[in-house]
>>> print(open('model-v5.csv').read())   # CSV, C-alpha atoms
chain,number,residue,atom,x,y,z
A,1132,MET,CA,27.6,-39.9,40.2
A,1133,GLU,CA,24.0,-38.9,39.7
A,1134,LEU,CA,23.0,-35.7,37.8
A,1135,THR,CA,20.1,-33.7,39.1
A,1136,PRO,CA,18.6,-30.7,37.2
A,1137,TRP,CA,19.4,-27.4,38.7
A,1138,ARG,CA,16.3,-25.4,39.9
A,1139,PRO,CA,17.5,-22.1,41.2
A,1140,PHE,CA,14.1,-21.2,42.7
A,1141,GLY,CA,13.2,-24.7,44.0
A,1142,ALA,CA,14.3,-23.9,47.5
A,1143,LEU,CA,12.4,-20.6,47.5
A,1144,SER,CA,9.2,-22.3,46.2
A,1145,SER,CA,9.1,-24.8,49.1
A,1146,SER,CA,9.9,-22.0,51.6
A,1147,ARG,CA,7.1,-19.9,50.1
A,1148,LYS,CA,4.6,-22.8,50.5
A,1149,GLU,CA,5.6,-23.2,54.1
A,1150,LEU,CA,5.1,-19.5,54.8
A,1151,ASP,CA,1.7,-19.6,53.1
A,1152,ARG,CA,0.7,-22.5,55.3
A,1153,LEU,CA,1.8,-20.6,58.5
A,1154,TRP,CA,-0.2,-17.5,57.5
A,1155,ASP,CA,-3.3,-19.6,56.7
A,1156,ARG,CA,-3.0,-21.3,60.0
A,1157,PHE,CA,-2.5,-18.1,61.9
A,1158,PHE,CA,-5.5,-16.4,60.5
A,1159,ARG,CA,-7.7,-19.5,60.8
A,1160,GLU,CA,-6.9,-19.8,64.5
A,1161,THR,CA,-7.1,-16.1,65.4
A,1162,PRO,CA,-10.4,-15.0,67.0
A,1163,SER,CA,-12.6,-12.5,65.2
A,1164,ILE,CA,-10.5,-9.6,63.8
A,1165,GLY,CA,-13.1,-7.2,65.2
A,1166,THR,CA,-11.7,-7.9,68.6
A,1167,TYR,CA,-8.4,-6.1,67.7
A,1168,THR,CA,-9.9,-3.0,66.0
A,1169,GLU,CA,-11.0,0.2,67.7
A,1170,GLU,CA,-14.0,0.5,65.4
A,1171,TRP,CA,-17.4,-1.2,65.6
A,1172,LEU,CA,-19.8,-1.3,62.7
A,1173,PRO,CA,-23.2,-2.9,63.3
A,1174,SER,CA,-24.2,-5.9,61.2
A,1175,VAL,CA,-26.7,-5.1,58.5
A,1176,ASP,CA,-29.0,-7.1,56.2
A,1177,ILE,CA,-30.4,-5.4,53.1
A,1178,SER,CA,-33.3,-7.0,51.1
A,1179,GLU,CA,-35.6,-5.9,48.4
A,1180,THR,CA,-39.3,-6.5,47.7
A,1181,LYS,CA,-41.3,-5.4,44.7
A,1182,LYS,CA,-42.2,-2.1,46.4
A,1183,ASN,CA,-39.4,-1.5,49.1
A,1184,PHE,CA,-35.8,-1.8,50.1
A,1185,ILE,CA,-35.6,-3.1,53.7
A,1186,VAL,CA,-32.5,-2.4,55.8
A,1187,LYS,CA,-32.1,-4.2,59.2
A,1188,ALA,CA,-29.3,-3.2,61.5
A,1189,GLU,CA,-28.3,-5.0,64.8
A,1190,LEU,CA,-27.8,-2.3,67.4
A,1191,PRO,CA,-27.5,-4.2,70.8
A,1192,GLY,CA,-27.4,-2.0,73.8
A,1193,LEU,CA,-28.6,1.1,72.1
A,1194,ASP,CA,-31.9,3.0,72.4
A,1195,ALA,CA,-33.7,4.7,69.5
A,1196,LYS,CA,-32.6,8.1,70.8
A,1197,ASP,CA,-28.9,7.0,70.2
A,1198,VAL,CA,-29.4,6.4,66.5
A,1199,THR,CA,-30.2,8.7,63.5
A,1200,VAL,CA,-31.3,7.7,60.0
A,1201,SER,CA,-31.0,10.0,57.0
A,1202,LEU,CA,-31.6,9.8,53.3
A,1203,SER,CA,-29.8,12.2,50.9
A,1204,GLY,CA,-30.8,11.4,47.3
A,1205,ASP,CA,-30.0,7.6,47.0
A,1206,LEU,CA,-27.6,7.5,50.0
A,1207,LEU,CA,-29.1,6.0,53.2
A,1208,THR,CA,-27.0,6.7,56.3
A,1209,ILE,CA,-27.4,5.1,59.8
A,1210,LYS,CA,-25.3,6.6,62.5
A,1211,GLY,CA,-25.2,6.6,66.2
A,1212,GLU,CA,-23.3,6.3,69.4
A,1213,LYS,CA,-22.9,3.5,71.9
A,1214,LYS,CA,-22.1,5.1,75.3
A,1215,ARG,CA,-19.7,3.6,77.7
A,1216,GLU,CA,-21.3,2.2,80.9
A,1217,GLU,CA,-20.3,4.0,84.1
A,1218,GLU,CA,-17.7,2.1,86.1
A,1219,GLU,CA,-17.9,1.4,89.7
A,1220,LYS,CA,-15.1,2.9,91.8
A,1221,ASP,CA,-13.7,-0.5,93.0
A,1222,GLU,CA,-14.2,-2.2,89.6
A,1223,HIS,CA,-11.0,-3.4,87.8
A,1224,HIS,CA,-11.3,-4.7,84.3
A,1225,HIS,CA,-9.4,-7.8,83.2
A,1226,TYR,CA,-10.5,-7.9,79.6
A,1227,ILE,CA,-12.7,-5.5,77.5
A,1228,GLU,CA,-14.1,-6.5,74.2
A,1229,ARG,CA,-17.4,-4.5,74.1
A,1230,TYR,CA,-17.2,-1.4,71.9
A,1231,SER,CA,-18.3,2.1,72.8
A,1232,GLY,CA,-18.2,5.1,70.6
A,1233,SER,CA,-19.8,6.4,67.5
A,1234,PHE,CA,-20.4,4.5,64.2
A,1235,GLN,CA,-21.7,5.3,60.8
A,1236,ARG,CA,-22.9,3.0,57.9
A,1237,SER,CA,-23.9,4.4,54.5
A,1238,PHE,CA,-25.6,2.5,51.6
A,1239,GLN,CA,-26.2,3.7,48.1
A,1240,LEU,CA,-29.5,2.5,46.8
A,1241,PRO,CA,-29.6,1.2,43.2
A,1242,ILE,CA,-32.8,3.1,42.1
A,1243,SER,CA,-34.8,6.1,43.0
A,1244,VAL,CA,-36.8,6.0,46.2
A,1245,LYS,CA,-39.6,7.9,47.9
A,1246,GLY,CA,-37.6,9.9,50.5
A,1247,ASP,CA,-40.7,11.3,52.2
A,1248,LYS,CA,-42.2,7.8,52.8
A,1249,VAL,CA,-39.2,6.2,54.6
A,1250,GLU,CA,-40.1,4.5,57.8
A,1251,ALA,CA,-37.7,3.4,60.7
A,1252,ILE,CA,-38.7,1.1,63.5
A,1253,PHE,CA,-36.5,0.2,66.5
A,1254,GLU,CA,-37.4,-3.0,68.3
A,1255,LYS,CA,-35.4,-5.3,70.5
A,1256,GLY,CA,-32.1,-3.9,69.5
A,1257,VAL,CA,-32.8,-4.1,65.7
A,1258,LEU,CA,-33.4,-1.1,63.6
A,1259,LYS,CA,-35.7,-1.8,60.5
A,1260,VAL,CA,-35.7,0.9,57.8
A,1261,THR,CA,-38.2,0.5,55.0
A,1262,VAL,CA,-37.5,2.6,51.9
A,1263,PRO,CA,-40.3,2.6,49.3
A,1264,LYS,CA,-39.2,2.5,45.6
A,1265,VAL,CA,-40.5,5.1,43.1
A,1266,GLU,CA,-43.3,3.6,41.1
A,1267,GLU,CA,-42.0,3.0,37.6
A,1268,ALA,CA,-44.1,4.0,34.7
A,1269,GLU,CA,-46.1,1.1,33.4
A,1270,LYS,CA,-44.8,-0.5,30.3
A,1271,LYS,CA,-47.1,0.2,27.3
A,1272,GLU,CA,-46.9,-1.6,24.0
A,1273,ILE,CA,-47.1,0.7,21.0
A,1274,GLU,CA,-48.8,-0.5,17.9
A,1275,ILE,CA,-46.7,-0.1,14.7
A,1276,LYS,CA,-48.8,1.0,11.7
A,1277,VAL,CA,-48.1,-0.1,8.2
A,1278,LYS,CA,-48.6,2.4,5.4
>>> encode(input="model-v5.csv", output="structure tokens")
Amino acid sequence: MELTPWRPFGALSSSRKELDRLWDRFFRETPSIGTYTEEWLPSVDISETKKNFIVKAELPGLDAKDVTVSLSGDLLTIKGEKKREEEEKDEHHHYIERYSGSFQRSFQLPISVKGDKVEAIFEKGVLKVTVPKVEEAEKKEIEIKVK
């Protein structure tokens, strides 16, 4: 007769590993989760130069009149609405993935900015917002005198 050590959670451990593999496989093979939500948020890139913050938002299918940009203190907000296209009377949909409805994205900027100098340009479905930084006081060395 052979003795084997008793591991009360050994069976659970292998079951847990199998479940983890199934979940990983499920989420890896599932199409973009955005397909299953009722909310759409535009993709945004935020970059910084010495003088500005630059925010670029992809807004396909929208016009400039459908979007508003606002700045309240250090909070930049982009919001808008993508309107549903009118359907033809004899049109029957088999599958709908394109989103319509309102959206809002807000970004807190890390330093003070010149709110009155913000510029927004909409071109080819991309909104580019340039937010100038407040000029920082120049650093000045102070001489220490010895008495």
>>> residues_around(input="model-v5.csv", residues="segment 1236-1238 of chain A", least_positions_apart="3", cutoff="12 Å", atoms="all atoms listed in the file", output="ChimeraX atom specification")
/A:1170-1177,1184-1190,1198-1212,1233,1241-1242,1260,1262
>>> closest_residue(input="model-v5.csv", among="A:Asp1155, A:Lys1278, A:Ser1146, A:Ser1231", to="Glu1217 of chain A", atoms="only C-alpha atoms")
A:Ser1231
>>> atom_distance(input="model-v5.csv", atom1="atom CA of Asp1194 of chain A", atom2="atom CA of Lys1255 of chain A")
9.2 Å
>>> atom_distance(input="model-v5.csv", atom1="atom CA of Lys1181 of chain A", atom2="atom CA of Glu1272 of chain A")
21.8 Å
>>> closest_residue(input="model-v5.csv", among="A:Val1265, A:Leu1258, A:Val1277, A:Leu1193", to="Glu1216 of chain A", atoms="all atoms listed in the file")
A:Leu1193
